[in-house]
Amino acid sequence: MVIRSSEITPQSVYEGRRQWLKWVVSGVAGASMAAWAQRDALASAASSEWMPLSSTPSKLAGAWTDEKPTPQKDATSYNNFYEFGVGKDDPARYAHAMSVDPWTVEIEGLVHKPGKWALEDLLKLSPMEERVYRLRCVEGWSMVIPWIGYSLSELIRRVEPMGSAKYVEFVSQADPQTMRGLRSRVLDWPYTEGLRLDEAMNPLTLLAFGMYGHVLPKQNGAPVRLVVPWKYGFKSAKSIVKIRFLEEMPATAWNKAAQHEYGFYSNVNPDVPHPRWSQATERRIGDGGLFAPKRKTLLFNGYADQVGQLYQGMDLKRNF
Ligand SMILES: Nc1nc2c(c(=O)[nH]1)N[C@H]1C(S)=C(S)[C@@H](COP(=O)(O)O)O[C@H]1N2
Ligand SMILES: [Mo]
């Protein structure tokens with residue numbers, strides 16, 4: 001399957017978002033997300049309001065894989081978003097309750113230009129492009145998703161980190177009124193994640209606003225999330241409300257929950273098994289169910305050429 005190289009203007013994303021909000025308000029979302037059995041209906045309802053892309057290829061090396069994208073209905077109905085429950089179908093069922101308008105992202109800590117960014121301004125910060133990245137969950141499944149966004153580095157440059165800033169922390173929305181998963185203590189809410197500043201500045205690190213040519217569905221982290229394609233999926237925080245620049249390595253939600261299982265780096269690495277299972281292979285969602293042959297997991301999820309130099313001289317077994 002040939003994948004179209006694409007770029008969309010911030011304006012078209014903005015228009016798309018307007019339409020999307022209309023769609024959410026109209027209640028189509030709630031109705032079609034109500035039942036697992038109706039997830040095909042969800043996918044088709046969603047596609048009618050999402051906007052098309054114009055075509056300008058991404059020039060960023062590594063931003064593309066030729067692998068076949070995961071069917072959109074799988075990528076929007078098999079999710080991890082613990083704020084809505086721990087079941088794979090919980091986010092598609094319950095994320096419609098989350099309110100994403102208005103939305104602001106607060107920039108804090110060691111930067112010369114801290115402050116609150118309205119989503120509208122973030123959308124206009126930089127031209128967006130489509131990038132087809134693999135996403136590999138630590139649980140042993142993976143997907144190929146055409147994301148839409150721009151490099152996080154565009155935002156970071158704009159807020160001017162101080163020389164003392166060494167790490168970036170990402171904080172997800174935590175609203176007990178709309179996120180039913182917060183009733184469970186499975187993680188210490190809000191969900192937080194972190195990157196070293198040079199990892200955050202790597203051009204592959206994507207601030208994503210859309211996927212499959214459309215604005216992000218809520219279950220995938222609307223209205224803005226991170227996609228860090230060489231790390232396990234949990235590093236890619238969804239529904240981000242705060243980005244904080246720090247001198248010290250921040251705690252992360254998964255590291256706090258299970259220190260020996262989830263380290264700060266969490267680079268995809270087939271040679272470092274999770275304490276309870278191997279990471280040598282993965283099951284590609286959409287490949288044909290549980291009986292499809294597994295694929296070999298690649299070091300840095302296949303992005304070693306782009307990011308390997310970030311870890312030169314580091315012991316990746318100790319810094320897992
Ligand atoms: N806020 C928040 N972000 C999150 C998670 C979460 O539970 N809460 N789950 C993570 C995990 S474990 C994975 S694998 C990816 C899944 O992204 P997807 O559902 O869009 O495929 O989101 C990550 N981001
Ligand atoms: Mo995950």
# chains A, B, ... in the order shown; residues from 1 in each chain; ligands from 1
call {"tool": "closest_atom_pairs", "arguments": {"of": "chain A", "to": "ligand 2", "cutoff": "7 Å", "atoms": "only C-alpha atoms and all ligand atoms", "output": "tab-separated table"}}
result
residue	atom	partner	partner_atom_place_in_ligand_line	distance
A:Asn80	CA	ligand 2	1 (Mo)	6.2
A:Cys137	CA	ligand 2	1 (Mo)	3.8
A:Val138	CA	ligand 2	1 (Mo)	5.0
A:Glu139	CA	ligand 2	1 (Mo)	6.0
A:Tyr232	CA	ligand 2	1 (Mo)	6.3
A:Gly233	CA	ligand 2	1 (Mo)	4.4
A:Phe234	CA	ligand 2	1 (Mo)	4.6
call {"tool": "residues_near_ligand", "arguments": {"ligand": "ligand 1", "cutoff": "9 Å", "atoms": "only C-alpha atoms and all ligand atoms", "output": "number ranges by chain"}}
result
A: 75-86, 88, 91, 135-139, 141-143, 145, 171-174, 187, 190-193, 216-217, 219-221, 225-227, 232-240, 254
call {"tool": "atom_distance", "arguments": {"atom1": "atom CA of A:Trp64", "atom2": "atom CA of A:Arg158"}}
result
25.8 Å
call {"tool": "select_by_dssp", "arguments": {"residues": "stretch 63-238 of chain A", "states": "strand (DSSP E or B)", "output": "PyMOL selection string"}}
result
chain A and resi 104-109+111+115-118+128-136+141-151+161+167-172+192-196+206-211+214-215+225-227+231
call {"tool": "atom_distance", "arguments": {"atom1": "atom CA of A:Asp315", "atom2": "atom CA of A:Phe264"}}
result
13.3 Å
call {"tool": "select_by_dssp", "arguments": {"residues": "stretch 30-206 of chain A", "states": "helix (DSSP H, G or I)", "output": "ChimeraX atom specification"}}
result
/A:30-33,36-49,72-75,82-84,90-97,119-124,152-159,180-183,197-201
call {"tool": "residues_around", "arguments": {"residues": "A:Leu152", "least_positions_apart": "4", "cutoff": "9 Å", "atoms": "only C-alpha atoms", "output": "ChimeraX atom specification"}}
result
/A:156-157,200-208,226
call {"tool": "closest_residue", "arguments": {"among": "A:Trp189, A:Tyr212, A:Trp230, A:Phe300", "to": "A:Ala253", "atoms": "only C-alpha atoms"}}
result
A:Trp189
call {"tool": "residues_around", "arguments": {"residues": "A:Val144", "least_positions_apart": "5", "cutoff": "8 Å", "atoms": "only C-alpha atoms", "output": "PyMOL selection string"}}
result
chain A and resi 67-70+132-135
call {"tool": "write_last_selection", "arguments": {"atoms": "all heavy atoms", "output": "PDB file, in the first residue's frame"}}
result
ATOM      1  N   GLU A  67       5.497   0.491   6.075  1.00  0.00           N
ATOM      2  CA  GLU A  67       4.590  -0.548   6.555  1.00  0.00           C
ATOM      3  C   GLU A  67       3.142  -0.069   6.451  1.00  0.00           C
ATOM      4  O   GLU A  67       2.852   1.114   6.548  1.00  0.00           O
ATOM      5  CB  GLU A  67       4.930  -0.903   8.000  1.00  0.00           C
ATOM      6  CG  GLU A  67       6.270  -1.601   8.121  1.00  0.00           C
ATOM      7  CD  GLU A  67       6.699  -1.735   9.567  1.00  0.00           C
ATOM      8  OE1 GLU A  67       6.291  -2.706  10.193  1.00  0.00           O
ATOM      9  OE2 GLU A  67       7.417  -0.855  10.045  1.00  0.00           O
ATOM     10  N   LYS A  68       2.284  -1.028   6.301  1.00  0.00           N
ATOM     11  CA  LYS A  68       0.865  -0.741   6.128  1.00  0.00           C
ATOM     12  C   LYS A  68       0.288  -0.178   7.437  1.00  0.00           C
ATOM     13  O   LYS A  68       0.477  -0.768   8.492  1.00  0.00           O
ATOM     14  CB  LYS A  68       0.190  -2.076   5.785  1.00  0.00           C
ATOM     15  CG  LYS A  68      -1.236  -2.015   5.406  1.00  0.00           C
ATOM     16  CD  LYS A  68      -1.633  -3.400   4.841  1.00  0.00           C
ATOM     17  CE  LYS A  68      -3.122  -3.523   4.709  1.00  0.00           C
ATOM     18  NZ  LYS A  68      -3.757  -4.140   5.859  1.00  0.00           N
ATOM     19  N   PRO A  69      -0.414   0.952   7.355  1.00  0.00           N
ATOM     20  CA  PRO A  69      -1.010   1.481   8.584  1.00  0.00           C
ATOM     21  C   PRO A  69      -2.024   0.510   9.185  1.00  0.00           C
ATOM     22  O   PRO A  69      -2.702  -0.228   8.472  1.00  0.00           O
ATOM     23  CB  PRO A  69      -1.708   2.764   8.131  1.00  0.00           C
ATOM     24  CG  PRO A  69      -1.038   3.153   6.876  1.00  0.00           C
ATOM     25  CD  PRO A  69      -0.624   1.852   6.213  1.00  0.00           C
ATOM     26  N   THR A  70      -2.087   0.520  10.479  1.00  0.00           N
ATOM     27  CA  THR A  70      -3.089  -0.245  11.216  1.00  0.00           C
ATOM     28  C   THR A  70      -4.469   0.279  10.821  1.00  0.00           C
ATOM     29  O   THR A  70      -4.648   1.485  10.669  1.00  0.00           O
ATOM     30  CB  THR A  70      -2.849  -0.009  12.726  1.00  0.00           C
ATOM     31  OG1 THR A  70      -1.537  -0.453  13.032  1.00  0.00           O
ATOM     32  CG2 THR A  70      -3.864  -0.729  13.584  1.00  0.00           C
ATOM     33  N   VAL A 132       4.229   8.789   9.435  1.00  0.00           N
ATOM     34  CA  VAL A 132       3.773   7.432   9.702  1.00  0.00           C
ATOM     35  C   VAL A 132       4.792   6.748  10.608  1.00  0.00           C
ATOM     36  O   VAL A 132       5.883   6.386  10.172  1.00  0.00           O
ATOM     37  CB  VAL A 132       3.576   6.645   8.396  1.00  0.00           C
ATOM     38  CG1 VAL A 132       3.030   5.256   8.695  1.00  0.00           C
ATOM     39  CG2 VAL A 132       2.635   7.395   7.462  1.00  0.00           C
ATOM     40  N   TYR A 133       4.455   6.651  11.881  1.00  0.00           N
ATOM     41  CA  TYR A 133       5.331   6.077  12.893  1.00  0.00           C
ATOM     42  C   TYR A 133       4.749   4.769  13.419  1.00  0.00           C
ATOM     43  O   TYR A 133       3.536   4.662  13.584  1.00  0.00           O
ATOM     44  CB  TYR A 133       5.398   6.996  14.107  1.00  0.00           C
ATOM     45  CG  TYR A 133       6.236   8.245  14.040  1.00  0.00           C
ATOM     46  CD1 TYR A 133       5.933   9.292  14.912  1.00  0.00           C
ATOM     47  CD2 TYR A 133       7.321   8.389  13.188  1.00  0.00           C
ATOM     48  CE1 TYR A 133       6.691  10.454  14.939  1.00  0.00           C
ATOM     49  CE2 TYR A 133       8.083   9.552  13.211  1.00  0.00           C
ATOM     50  CZ  TYR A 133       7.763  10.579  14.091  1.00  0.00           C
ATOM     51  OH  TYR A 133       8.513  11.721  14.122  1.00  0.00           O
ATOM     52  N   ARG A 134       5.664   3.870  13.772  1.00  0.00           N
ATOM     53  CA  ARG A 134       5.233   2.722  14.572  1.00  0.00           C
ATOM     54  C   ARG A 134       5.039   3.187  16.015  1.00  0.00           C
ATOM     55  O   ARG A 134       5.746   4.085  16.477  1.00  0.00           O
ATOM     56  CB  ARG A 134       6.304   1.623  14.553  1.00  0.00           C
ATOM     57  CG  ARG A 134       6.457   0.926  13.227  1.00  0.00           C
ATOM     58  CD  ARG A 134       7.614  -0.055  13.270  1.00  0.00           C
ATOM     59  NE  ARG A 134       8.877   0.671  13.267  1.00  0.00           N
ATOM     60  CZ  ARG A 134       9.518   1.045  12.159  1.00  0.00           C
ATOM     61  NH1 ARG A 134       9.041   0.746  10.974  1.00  0.00           N
ATOM     62  NH2 ARG A 134      10.648   1.710  12.251  1.00  0.00           N
ATOM     63  N   LEU A 135       4.087   2.579  16.724  1.00  0.00           N
ATOM     64  CA  LEU A 135       3.938   2.795  18.157  1.00  0.00           C
ATOM     65  C   LEU A 135       3.944   1.411  18.791  1.00  0.00           C
ATOM     66  O   LEU A 135       3.165   0.548  18.413  1.00  0.00           O
ATOM     67  CB  LEU A 135       2.627   3.524  18.470  1.00  0.00           C
ATOM     68  CG  LEU A 135       2.366   3.817  19.940  1.00  0.00           C
ATOM     69  CD1 LEU A 135       1.920   5.251  20.153  1.00  0.00           C
ATOM     70  CD2 LEU A 135       1.335   2.877  20.536  1.00  0.00           C
TER      71      LEU A 135
END
call {"tool": "closest_residue", "arguments": {"among": "A:Leu197, A:Ala61, A:Ile243, A:Leu123", "to": "A:Glu108", "atoms": "only C-alpha atoms"}}
result
A:Ile243
call {"tool": "closest_residue", "arguments": {"among": "A:Asp198, A:Asn267, A:Lys296, A:Arg180", "to": "A:Arg93", "atoms": "only C-alpha atoms"}}
result
A:Arg180
call {"tool": "residues_around", "arguments": {"residues": "A:Ala118", "least_positions_apart": "5", "cutoff": "12 Å", "atoms": "only C-alpha atoms", "output": "ChimeraX atom specification"}}
result
/A:100-107,123-125,223-224,241-242
call {"tool": "write_last_selection", "arguments": {"atoms": "N, CA, C and O atoms", "output": "PDB file, in the first residue's frame"}}
result
ATOM      1  N   VAL A 100     -12.679  19.055  25.850  1.00  0.00           N
ATOM      2  CA  VAL A 100     -11.400  19.511  25.286  1.00  0.00           C
ATOM      3  C   VAL A 100     -11.489  20.932  24.722  1.00  0.00           C
ATOM      4  O   VAL A 100     -10.585  21.380  24.028  1.00  0.00           O
ATOM      5  N   ASP A 101     -12.570  21.631  25.008  1.00  0.00           N
ATOM      6  CA  ASP A 101     -12.732  22.982  24.501  1.00  0.00           C
ATOM      7  C   ASP A 101     -13.354  23.851  25.582  1.00  0.00           C
ATOM      8  O   ASP A 101     -14.481  23.583  25.987  1.00  0.00           O
ATOM      9  N   PRO A 102     -12.673  24.860  26.118  1.00  0.00           N
ATOM     10  CA  PRO A 102     -11.339  25.297  25.695  1.00  0.00           C
ATOM     11  C   PRO A 102     -10.237  24.399  26.269  1.00  0.00           C
ATOM     12  O   PRO A 102     -10.482  23.637  27.207  1.00  0.00           O
ATOM     13  N   TRP A 103      -9.043  24.525  25.714  1.00  0.00           N
ATOM     14  CA  TRP A 103      -7.906  23.737  26.192  1.00  0.00           C
ATOM     15  C   TRP A 103      -6.670  24.631  26.229  1.00  0.00           C
ATOM     16  O   TRP A 103      -6.436  25.378  25.273  1.00  0.00           O
ATOM     17  N   THR A 104      -5.950  24.579  27.326  1.00  0.00           N
ATOM     18  CA  THR A 104      -4.686  25.319  27.381  1.00  0.00           C
ATOM     19  C   THR A 104      -3.576  24.397  27.831  1.00  0.00           C
ATOM     20  O   THR A 104      -3.800  23.440  28.578  1.00  0.00           O
ATOM     21  N   VAL A 105      -2.386  24.686  27.358  1.00  0.00           N
ATOM     22  CA  VAL A 105      -1.185  23.958  27.771  1.00  0.00           C
ATOM     23  C   VAL A 105      -0.281  24.974  28.454  1.00  0.00           C
ATOM     24  O   VAL A 105       0.070  26.002  27.866  1.00  0.00           O
ATOM     25  N   GLU A 106       0.059  24.674  29.700  1.00  0.00           N
ATOM     26  CA  GLU A 106       0.855  25.609  30.474  1.00  0.00           C
ATOM     27  C   GLU A 106       2.338  25.227  30.407  1.00  0.00           C
ATOM     28  O   GLU A 106       2.688  24.068  30.618  1.00  0.00           O
ATOM     29  N   ILE A 107       3.167  26.214  30.117  1.00  0.00           N
ATOM     30  CA  ILE A 107       4.616  25.991  30.068  1.00  0.00           C
ATOM     31  C   ILE A 107       5.221  26.572  31.334  1.00  0.00           C
ATOM     32  O   ILE A 107       5.049  27.759  31.620  1.00  0.00           O
ATOM     33  N   LEU A 123      -1.912  25.323  17.623  1.00  0.00           N
ATOM     34  CA  LEU A 123      -2.197  24.809  16.275  1.00  0.00           C
ATOM     35  C   LEU A 123      -1.511  25.648  15.212  1.00  0.00           C
ATOM     36  O   LEU A 123      -1.150  25.150  14.152  1.00  0.00           O
ATOM     37  N   LYS A 124      -1.332  26.946  15.529  1.00  0.00           N
ATOM     38  CA  LYS A 124      -0.777  27.867  14.539  1.00  0.00           C
ATOM     39  C   LYS A 124       0.730  28.042  14.675  1.00  0.00           C
ATOM     40  O   LYS A 124       1.343  28.747  13.890  1.00  0.00           O
ATOM     41  N   LEU A 125       1.316  27.420  15.672  1.00  0.00           N
ATOM     42  CA  LEU A 125       2.740  27.651  15.949  1.00  0.00           C
ATOM     43  C   LEU A 125       3.649  27.243  14.800  1.00  0.00           C
ATOM     44  O   LEU A 125       4.644  27.906  14.515  1.00  0.00           O
ATOM     45  N   PRO A 223      -6.797  17.023  22.998  1.00  0.00           N
ATOM     46  CA  PRO A 223      -6.552  17.567  21.665  1.00  0.00           C
ATOM     47  C   PRO A 223      -5.077  17.585  21.281  1.00  0.00           C
ATOM     48  O   PRO A 223      -4.767  17.836  20.134  1.00  0.00           O
ATOM     49  N   VAL A 224      -4.204  17.273  22.235  1.00  0.00           N
ATOM     50  CA  VAL A 224      -2.772  17.303  21.917  1.00  0.00           C
ATOM     51  C   VAL A 224      -2.033  16.283  22.774  1.00  0.00           C
ATOM     52  O   VAL A 224      -2.277  16.166  23.979  1.00  0.00           O
ATOM     53  N   VAL A 241      -1.692  18.916  29.498  1.00  0.00           N
ATOM     54  CA  VAL A 241      -2.100  20.243  29.993  1.00  0.00           C
ATOM     55  C   VAL A 241      -0.925  21.053  30.518  1.00  0.00           C
ATOM     56  O   VAL A 241      -1.053  22.260  30.751  1.00  0.00           O
ATOM     57  N   LYS A 242       0.203  20.402  30.741  1.00  0.00           N
ATOM     58  CA  LYS A 242       1.340  21.123  31.306  1.00  0.00           C
ATOM     59  C   LYS A 242       2.641  20.533  30.792  1.00  0.00           C
ATOM     60  O   LYS A 242       2.771  19.303  30.676  1.00  0.00           O
TER      61      LYS A 242
END
call {"tool": "atom_distance", "arguments": {"atom1": "atom CA of A:Met249", "atom2": "atom CA of A:Gly308"}}
result
20.3 Å
call {"tool": "closest_residue", "arguments": {"among": "A:Asp175, A:Asp287, A:Asp305, A:Asp188", "to": "A:Pro71", "atoms": "only C-alpha atoms"}}
result
A:Asp287
call {"tool": "closest_residue", "arguments": {"among": "A:Val228, A:Val215, A:Val186, A:Leu195", "to": "A:Ala63", "atoms": "only C-alpha atoms"}}
result
A:Val228
